[in-house]
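Structure below is work_6.cif: mmCIF, C-alpha atoms.
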data_start
#
loop_
_atom_site.label_atom_id
_atom_site.label_comp_id
_atom_site.auth_asym_id
_atom_site.auth_seq_id
_atom_site.Cartn_x
_atom_site.Cartn_y
_atom_site.Cartn_z
CA MET B 510 31.55 143.27 -85.12
CA LYS B 511 29.69 144.27 -81.96
CA ILE B 512 28.18 141.12 -80.51
CA ALA B 513 26.05 140.39 -77.45
CA VAL B 514 26.27 137.04 -75.71
CA PHE B 515 23.21 136.31 -73.60
CA GLY B 516 24.00 133.81 -70.87
CA THR B 517 26.95 133.53 -68.51
CA GLY B 518 27.34 129.74 -68.39
CA MET B 519 30.03 127.61 -70.02
CA VAL B 520 28.52 128.01 -73.49
CA GLY B 521 28.35 131.81 -73.29
CA ASP B 522 31.85 132.05 -71.85
CA THR B 523 33.33 129.76 -74.52
CA ILE B 524 31.64 131.57 -77.41
CA GLY B 525 32.31 135.03 -75.98
CA SER B 526 35.99 134.26 -75.45
CA ARG B 527 36.40 132.93 -78.97
CA LEU B 528 34.70 136.03 -80.41
CA VAL B 529 37.05 138.31 -78.45
CA GLU B 530 40.02 136.25 -79.69
CA LEU B 531 38.79 136.81 -83.25
CA GLY B 532 38.78 140.57 -82.67
CA HIS B 533 35.09 141.19 -82.06
CA GLN B 534 33.74 143.45 -79.33
CA VAL B 535 31.63 141.35 -77.00
CA MET B 536 29.20 142.39 -74.30
CA MET B 537 27.96 139.56 -72.11
CA GLY B 538 24.36 140.11 -71.14
CA SER B 539 22.69 138.85 -68.01
CA ARG B 540 19.86 139.66 -65.64
CA THR B 541 22.01 142.10 -63.65
CA ALA B 542 24.98 144.16 -64.74
CA THR B 543 26.90 142.90 -61.71
CA ASN B 544 26.68 139.19 -62.49
CA GLU B 545 29.80 137.51 -61.05
CA LYS B 546 30.37 135.18 -64.01
CA ALA B 547 30.05 138.07 -66.45
CA LYS B 548 32.58 140.06 -64.42
CA ALA B 549 34.96 137.07 -64.50
CA PHE B 550 34.54 136.88 -68.28
CA VAL B 551 35.44 140.55 -68.63
CA ALA B 552 38.43 140.20 -66.30
CA LYS B 553 39.87 137.36 -68.41
CA HIS B 554 40.26 139.59 -71.46
CA SER B 555 42.48 142.67 -71.60
CA THR B 556 40.34 144.22 -74.31
CA GLY B 557 37.13 143.62 -76.27
CA ALA B 558 35.01 142.22 -73.44
CA SER B 559 32.34 144.00 -71.42
CA ALA B 560 29.23 143.13 -69.45
CA GLY B 561 25.77 144.59 -69.00
CA THR B 562 22.12 143.82 -68.63
CA PHE B 563 20.32 141.96 -71.40
CA ALA B 564 18.92 145.35 -72.56
CA GLU B 565 22.33 147.03 -72.53
CA ALA B 566 23.97 144.16 -74.39
CA ALA B 567 21.19 144.09 -77.00
CA ALA B 568 21.47 147.86 -77.54
CA PHE B 569 25.25 147.53 -77.96
CA ALA B 570 25.18 144.69 -80.48
CA GLU B 571 24.51 144.08 -84.15
CA LEU B 572 24.11 140.35 -83.48
CA ILE B 573 23.09 138.43 -80.36
CA PHE B 574 24.08 134.91 -79.36
CA ASN B 575 21.41 133.19 -77.27
CA CYS B 576 23.34 130.98 -74.85
CA THR B 577 20.77 131.06 -72.07
CA LYS B 578 19.15 127.92 -70.74
CA GLY B 579 16.24 126.92 -72.93
CA ASP B 580 13.62 127.31 -70.22
CA GLY B 581 14.76 130.91 -69.62
CA SER B 582 15.38 132.14 -73.17
CA ILE B 583 12.02 133.80 -73.75
CA GLU B 584 12.29 135.63 -70.44
CA ALA B 585 15.84 136.83 -71.14
CA LEU B 586 14.82 138.18 -74.54
CA THR B 587 11.75 139.83 -73.01
CA LEU B 588 13.99 141.57 -70.46
CA ALA B 589 16.11 142.89 -73.34
CA GLY B 590 13.12 144.86 -74.58
CA SER B 591 12.84 146.66 -77.90
CA ALA B 592 16.62 146.79 -78.37
CA ILE B 593 16.49 143.35 -79.97
CA ASN B 594 14.27 144.50 -82.84
CA GLY B 595 15.82 144.03 -86.27
CA LYS B 596 18.84 142.18 -84.95
CA VAL B 597 20.11 138.71 -85.79
CA LEU B 598 19.75 136.16 -83.01
CA LEU B 599 22.12 133.24 -83.33
CA ASP B 600 20.28 130.71 -81.17
CA VAL B 601 22.33 127.86 -79.74
CA SER B 602 19.97 127.00 -76.88
CA ASN B 603 18.01 123.79 -76.32
CA PRO B 604 14.64 123.27 -74.60
CA LEU B 605 15.94 120.74 -72.07
CA ASP B 606 13.65 119.53 -69.31
CA PHE B 607 15.61 118.43 -66.25
CA SER B 608 12.50 117.78 -64.16
CA LYS B 609 12.02 114.17 -65.26
CA GLY B 610 15.36 112.60 -64.42
CA ALA B 611 18.57 112.07 -66.34
CA PRO B 612 19.32 112.34 -69.16
CA PRO B 613 17.03 115.35 -69.61
CA SER B 614 14.08 115.17 -71.99
CA LEU B 615 12.69 118.03 -74.08
CA ILE B 616 10.13 120.54 -72.76
CA PRO B 617 6.88 119.11 -74.22
CA SER B 618 5.44 122.47 -75.34
CA LEU B 619 8.71 123.35 -77.10
CA SER B 620 9.34 120.09 -78.95
CA ASN B 621 7.97 117.66 -81.53
CA THR B 622 5.34 119.95 -83.15
CA ASN B 623 7.10 123.10 -81.94
CA SER B 624 10.66 124.13 -81.05
CA LEU B 625 12.38 126.74 -78.95
CA GLY B 626 13.79 128.39 -82.09
CA GLU B 627 10.30 128.76 -83.55
CA GLU B 628 8.82 129.90 -80.27
CA ILE B 629 11.43 132.67 -80.03
CA GLN B 630 10.72 133.70 -83.64
CA LYS B 631 6.94 133.75 -83.02
CA THR B 632 7.30 135.68 -79.75
CA PHE B 633 9.72 138.25 -81.19
CA PRO B 634 8.75 138.63 -84.86
CA LYS B 635 11.19 141.55 -85.40
CA LEU B 636 14.15 139.39 -84.38
CA LYS B 637 15.90 137.41 -87.13
CA VAL B 638 16.36 134.02 -85.50
CA VAL B 639 18.97 131.64 -86.89
CA LYS B 640 19.21 128.28 -85.14
CA THR B 641 22.62 126.66 -85.36
CA LEU B 642 25.43 125.04 -83.34
CA ASN B 643 22.96 123.64 -80.77
CA THR B 644 23.75 120.01 -81.68
CA MET B 645 27.24 119.82 -80.18
CA TRP B 646 29.46 120.59 -77.20
CA CYS B 647 30.50 124.27 -77.03
CA GLY B 648 34.20 123.50 -77.47
CA LEU B 649 33.43 122.20 -80.96
CA MET B 650 31.06 125.04 -81.81
CA VAL B 651 33.96 127.48 -81.87
CA ASN B 652 36.70 125.08 -82.95
CA PRO B 653 35.38 122.37 -85.28
CA ALA B 654 38.90 121.45 -86.40
CA MET B 655 39.41 119.82 -82.99
CA ILE B 656 38.01 116.55 -84.39
CA GLY B 657 37.92 114.78 -87.75
CA GLY B 658 39.77 117.53 -89.58
CA GLY B 659 36.71 119.72 -89.02
CA ASN B 660 34.69 117.50 -91.34
CA HIS B 661 31.39 117.03 -89.54
CA THR B 662 28.03 118.69 -89.90
CA ASN B 663 26.52 121.87 -88.49
CA PHE B 664 22.86 122.54 -89.27
CA ILE B 665 21.31 125.98 -89.91
CA SER B 666 17.64 126.98 -89.86
CA GLY B 667 16.06 130.39 -90.15
CA ASN B 668 13.57 132.47 -92.10
CA ASP B 669 15.85 135.35 -93.15
CA ALA B 670 18.38 134.65 -95.91
CA GLU B 671 20.53 137.67 -95.13
CA ALA B 672 20.67 136.79 -91.43
CA LYS B 673 21.72 133.25 -92.34
CA ALA B 674 24.47 134.61 -94.61
CA THR B 675 25.76 136.78 -91.72
CA VAL B 676 25.75 133.76 -89.41
CA LYS B 677 27.55 131.60 -91.97
CA ARG B 678 30.36 134.16 -92.22
CA LEU B 679 30.74 134.09 -88.45
CA LEU B 680 30.77 130.27 -88.52
CA ASN B 681 33.50 130.40 -91.15
CA GLU B 682 35.51 132.57 -88.73
CA PHE B 683 35.10 129.86 -86.09
CA GLY B 684 36.64 127.43 -88.58
CA TRP B 685 33.53 125.89 -90.11
CA LYS B 686 34.02 125.04 -93.78
CA SER B 687 31.04 126.10 -95.88
CA GLU B 688 30.60 122.55 -97.22
CA ASN B 689 29.94 121.34 -93.68
CA LEU B 690 27.14 123.85 -93.05
CA LEU B 691 23.82 122.26 -93.94
CA ASP B 692 21.04 124.81 -94.43
CA LEU B 693 17.80 122.97 -93.69
CA GLY B 694 15.50 125.87 -94.56
CA ASP B 695 13.17 127.89 -92.35
CA ILE B 696 13.09 128.06 -88.57
CA THR B 697 10.58 125.19 -88.25
CA ASN B 698 13.56 122.93 -88.96
CA ALA B 699 14.72 123.68 -85.42
CA ARG B 700 12.25 120.89 -84.53
CA GLY B 701 14.77 118.56 -86.12
CA THR B 702 17.99 120.00 -84.76
CA GLU B 703 16.69 120.39 -81.20
CA ALA B 704 15.55 116.75 -81.37
CA VAL B 705 19.22 115.82 -81.79
CA LEU B 706 19.67 116.34 -78.05
CA PRO B 707 18.09 113.02 -76.97
CA ILE B 708 20.55 111.06 -79.11
CA TRP B 709 23.45 113.42 -78.35
CA LEU B 710 23.00 112.90 -74.61
CA ARG B 711 22.93 109.12 -75.00
CA VAL B 712 26.00 108.92 -77.22
CA TRP B 713 27.75 111.07 -74.62
CA GLY B 714 26.52 108.71 -71.89
CA ALA B 715 27.72 105.61 -73.73
CA THR B 716 31.10 106.95 -74.84
CA GLN B 717 31.84 109.31 -71.92
CA ASN B 718 33.22 111.76 -74.47
CA GLY B 719 31.47 115.03 -75.33
CA ALA B 720 33.94 116.03 -78.03
CA PHE B 721 32.04 114.36 -80.84
CA ASN B 722 29.71 115.47 -83.57
CA PHE B 723 27.44 113.96 -86.20
CA LYS B 724 28.55 113.91 -89.80
CA ILE B 725 26.18 113.30 -92.67
CA VAL B 726 27.66 110.55 -94.82
CA SER B 727 26.16 110.05 -98.27
CA MET L 101 18.30 80.98 -89.20
CA LYS L 102 14.50 80.97 -89.23
CA ILE L 103 13.39 84.58 -89.24
CA ALA L 104 9.99 86.30 -89.26
CA VAL L 105 9.54 89.68 -90.87
CA PHE L 106 6.47 91.48 -89.57
CA GLY L 107 5.27 94.05 -92.08
CA THR L 108 4.85 93.90 -95.84
CA GLY L 109 5.96 97.42 -96.79
CA MET L 110 9.20 98.51 -98.43
CA VAL L 111 11.22 98.03 -95.24
CA GLY L 112 9.96 94.48 -94.66
CA ASP L 113 10.44 93.54 -98.29
CA THR L 114 13.99 94.94 -98.40
CA ILE L 115 15.05 93.24 -95.18
CA GLY L 116 13.29 89.98 -96.01
CA SER L 117 14.89 89.81 -99.46
CA ARG L 118 18.35 90.45 -98.07
CA LEU L 119 17.88 87.74 -95.43
CA VAL L 120 16.82 85.24 -98.11
CA GLU L 121 19.86 86.23 -100.19
CA LEU L 122 22.05 85.50 -97.15
CA GLY L 123 20.59 82.00 -96.93
CA HIS L 124 18.08 82.46 -94.10
CA GLN L 125 14.55 81.07 -94.13
CA VAL L 126 12.14 83.96 -93.97
CA MET L 127 8.42 84.01 -93.26
CA MET L 128 6.74 87.35 -93.85
CA GLY L 129 3.99 87.92 -91.31
CA SER L 130 0.91 90.02 -91.81
CA ARG L 131 -2.66 90.34 -90.62
CA THR L 132 -3.88 87.74 -93.13
CA ALA L 133 -2.07 84.81 -94.68
CA THR L 134 -3.27 85.95 -98.10
CA ASN L 135 -1.77 89.45 -98.05
CA GLU L 136 -0.96 90.45 -101.66
CA LYS L 137 2.39 92.08 -100.87
CA ALA L 138 3.49 89.06 -98.85
CA LYS L 139 2.53 86.79 -101.76
CA ALA L 140 4.56 89.01 -104.12
CA PHE L 141 7.54 88.74 -101.75
CA VAL L 142 7.31 84.95 -101.77
CA ALA L 143 6.95 84.85 -105.55
CA LYS L 144 10.18 86.84 -106.00
CA HIS L 145 12.28 84.16 -104.36
CA SER L 146 12.70 80.62 -105.67
CA THR L 147 13.46 79.33 -102.20
CA GLY L 148 13.64 80.47 -98.58
CA ALA L 149 10.64 82.77 -98.55
CA SER L 150 7.18 82.07 -97.21
CA ALA L 151 4.22 84.02 -95.82
CA GLY L 152 1.76 83.60 -92.99
CA THR L 153 -0.17 85.34 -90.29
CA PHE L 154 1.73 87.18 -87.55
CA ALA L 155 1.10 84.17 -85.28
CA GLU L 156 2.32 81.66 -87.88
CA ALA L 157 5.44 83.68 -88.64
CA ALA L 158 6.25 84.09 -84.93
CA ALA L 159 5.83 80.36 -84.33
CA PHE L 160 8.13 79.60 -87.29
CA ALA L 161 10.92 81.97 -86.27
CA GLU L 162 13.79 82.19 -83.80
CA LEU L 163 14.03 85.94 -84.38
CA ILE L 164 11.44 88.50 -85.49
CA PHE L 165 12.03 91.75 -87.37
CA ASN L 166 9.44 94.41 -86.54
CA CYS L 167 8.97 96.35 -89.78
CA THR L 168 5.38 97.35 -89.15
CA LYS L 169 4.31 100.97 -88.98
CA GLY L 170 4.95 102.38 -85.52
CA ASP L 171 1.30 103.08 -84.79
CA GLY L 172 0.43 99.45 -85.55
CA SER L 173 3.34 97.59 -83.95
CA ILE L 174 1.71 96.81 -80.61
CA GLU L 175 -1.37 95.47 -82.36
CA ALA L 176 0.65 93.30 -84.74
CA LEU L 177 2.59 91.77 -81.86
CA THR L 178 -0.63 91.24 -79.91
CA LEU L 179 -2.09 89.36 -82.89
CA ALA L 180 0.99 87.12 -82.89
CA GLY L 181 0.01 85.82 -79.45
CA SER L 182 2.16 83.71 -77.17
CA ALA L 183 4.40 82.51 -80.02
CA ILE L 184 6.55 85.60 -79.53
CA ASN L 185 7.52 84.69 -75.97
CA GLY L 186 11.25 84.22 -75.45
CA LYS L 187 12.14 85.38 -78.94
CA VAL L 188 14.40 88.22 -80.05
CA LEU L 189 12.58 91.16 -81.63
CA LEU L 190 14.79 93.28 -83.85
CA ASP L 191 12.75 96.48 -83.85
CA VAL L 192 13.35 98.88 -86.74
CA SER L 193 10.04 100.74 -86.45
CA ASN L 194 9.45 104.40 -85.60
CA PRO L 195 6.47 106.03 -83.85
CA LEU L 196 5.70 108.48 -86.65
CA ASP L 197 2.60 110.65 -86.42
CA PHE L 198 1.33 111.62 -89.87
CA SER L 199 -1.77 113.36 -88.52
CA LYS L 200 -0.14 116.79 -88.05
CA GLY L 201 1.24 117.53 -91.49
CA ALA L 202 4.56 116.89 -93.21
CA PRO L 203 7.19 116.01 -92.24
CA PRO L 204 5.63 113.69 -89.67
CA SER L 205 6.19 114.29 -85.96
CA LEU L 206 6.47 111.62 -83.26
CA ILE L 207 3.46 110.10 -81.49
CA PRO L 208 3.42 112.09 -78.22
CA SER L 209 2.74 109.12 -75.93
CA LEU L 210 5.59 107.17 -77.56
CA SER L 211 8.30 109.83 -77.55
CA ASN L 212 10.40 112.13 -75.35
CA THR L 213 9.83 110.40 -71.99
CA ASN L 214 8.88 107.11 -73.63
CA SER L 215 9.62 105.32 -76.90
CA LEU L 216 8.06 102.67 -79.09
CA GLY L 217 10.91 100.29 -78.32
CA GLU L 218 10.29 100.64 -74.59
CA GLU L 219 6.54 100.42 -74.98
CA ILE L 220 6.90 97.13 -76.86
CA GLN L 221 9.27 95.78 -74.17
CA LYS L 222 6.87 96.84 -71.38
CA THR L 223 3.84 95.38 -73.16
CA PHE L 224 5.54 92.09 -74.01
CA PRO L 225 7.99 91.42 -71.18
CA LYS L 226 8.88 87.93 -72.46
CA LEU L 227 10.07 89.36 -75.77
CA LYS L 228 13.76 90.38 -76.01
CA VAL L 229 13.52 93.73 -77.77
CA VAL L 230 16.60 95.11 -79.53
CA LYS L 231 16.16 98.50 -81.16
CA THR L 232 18.45 99.11 -84.11
CA LEU L 233 18.60 100.22 -87.78
CA ASN L 234 15.63 102.60 -87.32
CA THR L 235 17.73 105.71 -88.01
CA MET L 236 18.25 105.19 -91.73
CA TRP L 237 16.70 104.29 -95.09
CA CYS L 238 16.12 100.56 -95.50
CA GLY L 239 18.52 100.25 -98.43
CA LEU L 240 21.36 101.18 -96.09
CA MET L 241 20.13 98.97 -93.26
CA VAL L 242 20.98 95.86 -95.27
CA ASN L 243 23.88 97.27 -97.30
CA PRO L 244 25.85 99.87 -95.32
CA ALA L 245 28.77 99.66 -97.76
CA MET L 246 26.63 101.57 -100.28
CA ILE L 247 27.97 104.86 -98.83
CA GLY L 248 31.17 106.07 -97.19
CA GLY L 249 32.90 102.70 -97.33
CA GLY L 250 30.33 101.50 -94.80
CA ASN L 251 31.83 103.80 -92.18
CA HIS L 252 28.83 105.37 -90.49
CA THR L 253 27.01 104.64 -87.28
CA ASN L 254 24.26 102.21 -86.33
CA PHE L 255 22.89 102.42 -82.78
CA ILE L 256 21.76 99.46 -80.66
CA SER L 257 19.62 99.48 -77.50
CA GLY L 258 18.18 96.60 -75.54
CA ASN L 259 18.01 94.98 -72.12
CA ASP L 260 19.23 91.48 -73.01
CA ALA L 261 22.96 91.09 -73.71
CA GLU L 262 22.58 87.74 -75.47
CA ALA L 263 19.84 89.10 -77.73
CA LYS L 264 22.05 92.06 -78.63
CA ALA L 265 24.91 89.69 -79.46
CA THR L 266 22.61 87.73 -81.78
CA VAL L 267 21.48 90.94 -83.47
CA LYS L 268 25.07 92.15 -83.88
CA ARG L 269 26.00 88.92 -85.69
CA LEU L 270 23.08 89.46 -88.07
CA LEU L 271 24.16 93.08 -88.61
CA ASN L 272 27.67 91.84 -89.42
CA GLU L 273 26.08 89.59 -92.09
CA PHE L 274 24.41 92.69 -93.57
CA GLY L 275 27.88 94.21 -93.85
CA TRP L 276 28.02 96.28 -90.67
CA LYS L 277 31.51 96.43 -89.21
CA SER L 278 31.49 95.91 -85.45
CA GLU L 279 33.31 99.21 -84.86
CA ASN L 280 30.38 101.05 -86.42
CA LEU L 281 27.82 99.49 -84.08
CA LEU L 282 27.32 101.75 -81.08
CA ASP L 283 25.67 99.98 -78.16
CA LEU L 284 23.93 102.70 -76.14
CA GLY L 285 22.75 100.40 -73.34
CA ASP L 286 19.23 99.42 -72.31
CA ILE L 287 16.01 99.84 -74.27
CA THR L 288 15.25 103.29 -72.80
CA ASN L 289 17.92 104.55 -75.19
CA ALA L 290 15.37 104.05 -77.98
CA ARG L 291 14.15 107.48 -76.81
CA GLY L 292 17.31 108.81 -78.37
CA THR L 293 17.40 106.79 -81.56
CA GLU L 294 13.71 107.27 -82.37
CA ALA L 295 14.26 111.03 -81.88
CA VAL L 296 16.67 110.88 -84.81
CA LEU L 297 13.67 110.81 -87.14
CA PRO L 298 12.87 114.55 -86.89
CA ILE L 299 16.38 115.47 -88.05
CA TRP L 300 16.56 112.58 -90.54
CA LEU L 301 13.37 113.72 -92.26
CA ARG L 302 14.67 117.31 -92.53
CA VAL L 303 18.08 116.34 -93.90
CA TRP L 304 16.23 114.23 -96.44
CA GLY L 305 13.98 117.18 -97.27
CA ALA L 306 16.91 119.56 -97.71
CA THR L 307 19.16 117.22 -99.70
CA GLN L 308 16.50 115.20 -101.57
CA ASN L 309 18.65 112.13 -100.97
CA GLY L 310 17.63 109.35 -98.59
CA ALA L 311 20.82 107.35 -99.02
CA PHE L 312 22.64 109.04 -96.14
CA ASN L 313 23.45 108.19 -92.58
CA PHE L 314 24.90 109.84 -89.49
CA LYS L 315 28.45 109.07 -88.46
CA ILE L 316 29.80 109.86 -85.02
CA VAL L 317 33.04 111.79 -85.50
CA SER L 318 35.27 112.16 -82.42
#
Produce structure tokens that represent the structure in this file.
Amino acid sequence: MKIAVFGTGMVGDTIGSRLVELGHQVMMGSRTATNEKAKAFVAKHSTGASAGTFAEAAAFAELIFNCTKGDGSIEALTLAGSAINGKVLLDVSNPLDFSKGAPPSLIPSLSNTNSLGEEIQKTFPKLKVVKTLNTMWCGLMVNPAMIGGGNHTNFISGNDAEAKATVKRLLNEFGWKSENLLDLGDITNARGTEAVLPIWLRVWGATQNGAFNFKIVS
Amino acid sequence: MKIAVFGTGMVGDTIGSRLVELGHQVMMGSRTATNEKAKAFVAKHSTGASAGTFAEAAAFAELIFNCTKGDGSIEALTLAGSAINGKVLLDVSNPLDFSKGAPPSLIPSLSNTNSLGEEIQKTFPKLKVVKTLNTMWCGLMVNPAMIGGGNHTNFISGNDAEAKATVKRLLNEFGWKSENLLDLGDITNARGTEAVLPIWLRVWGATQNGAFNFKIVS
């Protein structure tokens, strides 16, 4: 599959590398085609990896991963232009607000009665936004078997059933068992999954271990 | 132990009944000493249960459970007066805002960069507030063994180490194994545990089963 990864940070690099390893063709998108981190990502892989602007990556891809920082996601997608229309956006970003001390809080206008996932869907109605994977460290996103035999929970929210089915197949490729994928319903449920960050950050702070996830026990 | 339960709803009744069953003396506190639900609670138990005003219950008790609705907790504790000073408050309440549709959101002034647990501690500095049990259905609070062999996570936050030790002993009586109690640190960590509600409510909505809890897998 031709996949764009928006964002050149640790999350984008981890997801992009795993996708290349699985045989996908990945273009990392960023503000400029000469981004140093994107060039380093390309250099790491002998084949399957490329880099371009957000618009170039969107035009290249059938599906886009949003791994940009939450406060820059809308801008990144705006820069991508009309090339995003009709595509699936797998949104792993979180609306973190680092301006009020550590651990970060959530951006007020993008939390509680709104969410970043919803805001993206409202701003780009032709995009098929699927919120998932945002509740854990990126190493686990692409390799859930690293802990607990892979038996912990990944949430999914989105308005488009077909887009969610596409995303679930990709998650299966990452190693997610279908029984551990909990479909919460439409994209407004991103209000719930993005609100996991405040507890995630504090469990991380207390245990000093980011390689954990939440499992629904019933 | 002499224990006050503030709040006459399902949570207060469930916790109060379990405490009586464990041999504690429980006074249910409410706005009036003649509250019908409090009288029904007393009538259910042949011994160990009584009812009174918030002030009477606080004066009676060594430890107080706050099972009032989040938007009424500060007022209930204010009505209790100086009898709360120096006591442990085991706070299970959540700052839910039902004014903006279902599922409820969080009261803006008591979430994100604040929390109800912190607000109570700031308002009543002589109270020893310990936030715990607020991330699950009340049936599980008092009987964790009901699911998953009791192996799921209960968070604890509070500023007073001795008060937290007292609360942990009580949680052990409810059936909580010490290894499943995750002490996050001071009361500001209630910002994290109260933010569990948005995801809790959506998992409940998607699964139609409230008898679940989150387990930290690592």
| said: Residues proximal to (9.4, 95.4, -91.1) were defined as those with any atom within 6 Å of that point in the file's coordinates, counting all atoms listed in the file. Which are they, as a VMD selection string? | reply: chain L and resid 105 to 107 111 to 112 165 to 168
Computed gap from atom CA of L:Pro298 to atom CA of B:Asn621 is 7.9 Å
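With only C-alpha atoms as the atoms that count, the residue of L:Lys268, L:Lys137, L:His252, L:Lys226 with the shortest distance to chain B is L:His252.
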### Contacts of L:Leu196 at 7 Å (all atoms listed in the file; same-chain gap of 3+ positions) as a ChimeraX atom specification
/L:170,204-207
Running the PyMOL selection byres ((chain L and resi 185) around 10) on this model by hand, what would come out? Give it as a PDB file with C-alpha atoms, in the coordinates of the input.
ATOM      1  CA  ALA L 158       6.250  84.090 -84.930  1.00  0.00           C
ATOM      2  CA  ALA L 159       5.830  80.360 -84.330  1.00  0.00           C
ATOM      3  CA  ALA L 180       0.990  87.120 -82.890  1.00  0.00           C
ATOM      4  CA  GLY L 181       0.010  85.820 -79.450  1.00  0.00           C
ATOM      5  CA  SER L 182       2.160  83.710 -77.170  1.00  0.00           C
ATOM      6  CA  ALA L 183       4.400  82.510 -80.020  1.00  0.00           C
ATOM      7  CA  ILE L 184       6.550  85.600 -79.530  1.00  0.00           C
ATOM      8  CA  GLY L 186      11.250  84.220 -75.450  1.00  0.00           C
ATOM      9  CA  LYS L 187      12.140  85.380 -78.940  1.00  0.00           C
ATOM     10  CA  VAL L 188      14.400  88.220 -80.050  1.00  0.00           C
ATOM     11  CA  LEU L 189      12.580  91.160 -81.630  1.00  0.00           C
ATOM     12  CA  PHE L 224       5.540  92.090 -74.010  1.00  0.00           C
ATOM     13  CA  PRO L 225       7.990  91.420 -71.180  1.00  0.00           C
ATOM     14  CA  LYS L 226       8.880  87.930 -72.460  1.00  0.00           C
ATOM     15  CA  LEU L 227      10.070  89.360 -75.770  1.00  0.00           C
ATOM     16  CA  LYS L 228      13.760  90.380 -76.010  1.00  0.00           C
TER      17      LYS L 228
END
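Taking atom CA of L:Ser150 and atom CA of L:Leu190 as endpoints, the distance between them is 19.0 Å.
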Please identify every residue of chain B that has at least one atom no farther than 10 Å from an atom of chain L, counting all atoms listed in the file, and for each give the shortest atom pair and the distance in Å to one decimal, arranged by chain then increasing number, as CSV.
residue,atom,partner,partner_atom,distance
B:Lys609,CA,L:Thr213,CA,8.0
B:Gly610,CA,L:Thr213,CA,9.6
B:Pro612,CA,L:Asn289,CA,10.0
B:Pro613,CA,L:Thr213,CA,9.1
B:Ser614,CA,L:Asn212,CA,5.8
B:Leu615,CA,L:Asn212,CA,6.5
B:Ile616,CA,L:Asn212,CA,8.8
B:Pro617,CA,L:Asn212,CA,7.9
B:Ser620,CA,L:Asn212,CA,8.8
B:Asn621,CA,L:Ser205,CA,5.8
B:Thr622,CA,L:Ser205,CA,6.4
B:Asn623,CA,L:Ser205,CA,9.7
B:Met655,CA,L:Ser318,CA,8.7
B:Ile656,CA,L:Ser318,CA,5.5
B:Gly657,CA,L:Val317,CA,6.1
B:Gly658,CA,L:Val317,CA,9.7
B:Gly659,CA,L:Val317,CA,9.4
B:Asn660,CA,L:Val317,CA,8.3
B:His661,CA,L:Val317,CA,6.8
B:Thr662,CA,L:Phe314,CA,9.4
B:Phe664,CA,L:Val303,CA,9.1
B:Leu691,CA,L:Val303,CA,8.2
B:Asp692,CA,L:Ala306,CA,7.4
B:Leu693,CA,L:Ala306,CA,5.3
B:Gly694,CA,L:Ala306,CA,7.2
B:Thr697,CA,L:Arg302,CA,9.9
B:Asn698,CA,L:Arg302,CA,6.7
B:Ala699,CA,L:Ile299,CA,8.8
B:Arg700,CA,L:Pro298,CA,6.8
B:Gly701,CA,L:Ile299,CA,4.0
B:Thr702,CA,L:Ile299,CA,5.8
B:Glu703,CA,L:Ile299,CA,8.4
B:Ala704,CA,L:Ala295,CA,5.9
B:Val705,CA,L:Val296,CA,6.3
B:Leu706,CA,L:Gly292,CA,7.9
B:Pro707,CA,L:Gly292,CA,4.5
B:Ile708,CA,L:Gly292,CA,4.0
B:Trp709,CA,L:Gly292,CA,7.7
B:Leu710,CA,L:Gly292,CA,8.0
B:Arg711,CA,L:Gly292,CA,6.6
B:Val712,CA,L:Leu284,CA,6.6
B:Trp713,CA,L:Leu284,CA,9.3
B:Gly714,CA,L:Leu284,CA,7.8
B:Ala715,CA,L:Leu284,CA,5.4
B:Thr716,CA,L:Leu284,CA,8.4
B:Asn718,CA,L:Ser318,CA,8.2
B:Gly719,CA,L:Ser318,CA,8.5
B:Ala720,CA,L:Ser318,CA,6.0
B:Phe721,CA,L:Ser318,CA,4.2
B:Asn722,CA,L:Val317,CA,5.3
B:Phe723,CA,L:Ile316,CA,4.9
B:Lys724,CA,L:Lys315,CA,5.0
B:Ile725,CA,L:Phe314,CA,4.9
B:Val726,CA,L:Asn313,CA,5.3
B:Ser727,CA,L:Phe312,CA,4.2
With 5 Å on each side, where is the centre of the axis-aligned box around all listed atoms of stretch 247-266 of chain L, and how long are its edges in Å to one decimal, as AutoDock Vina command-line options?
--center_x 25.5 --center_y 96.9 --center_z -85.5 --size_x 24.9 --size_y 28.3 --size_z 36.7
Hits of the PyMOL selection byres ((chain B and resi 675) around 12) in this structure, as a PyMOL selection string: chain B and resi 510+571-573+596-599+637-639+665+667+669-674+676-682
* Can you pull out every residue within 12 Å of B:Asp580, counting only C-alpha atoms, but drop anything in the same chain fewer than 5 positions away, and send it as an MDAnalysis selection string? => chainID B and resid 585:586 602:608 615:619 624:626 628:629
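For the pair atom CA of B:Pro653 and atom CA of B:Phe683, the separation is 7.5 Å.
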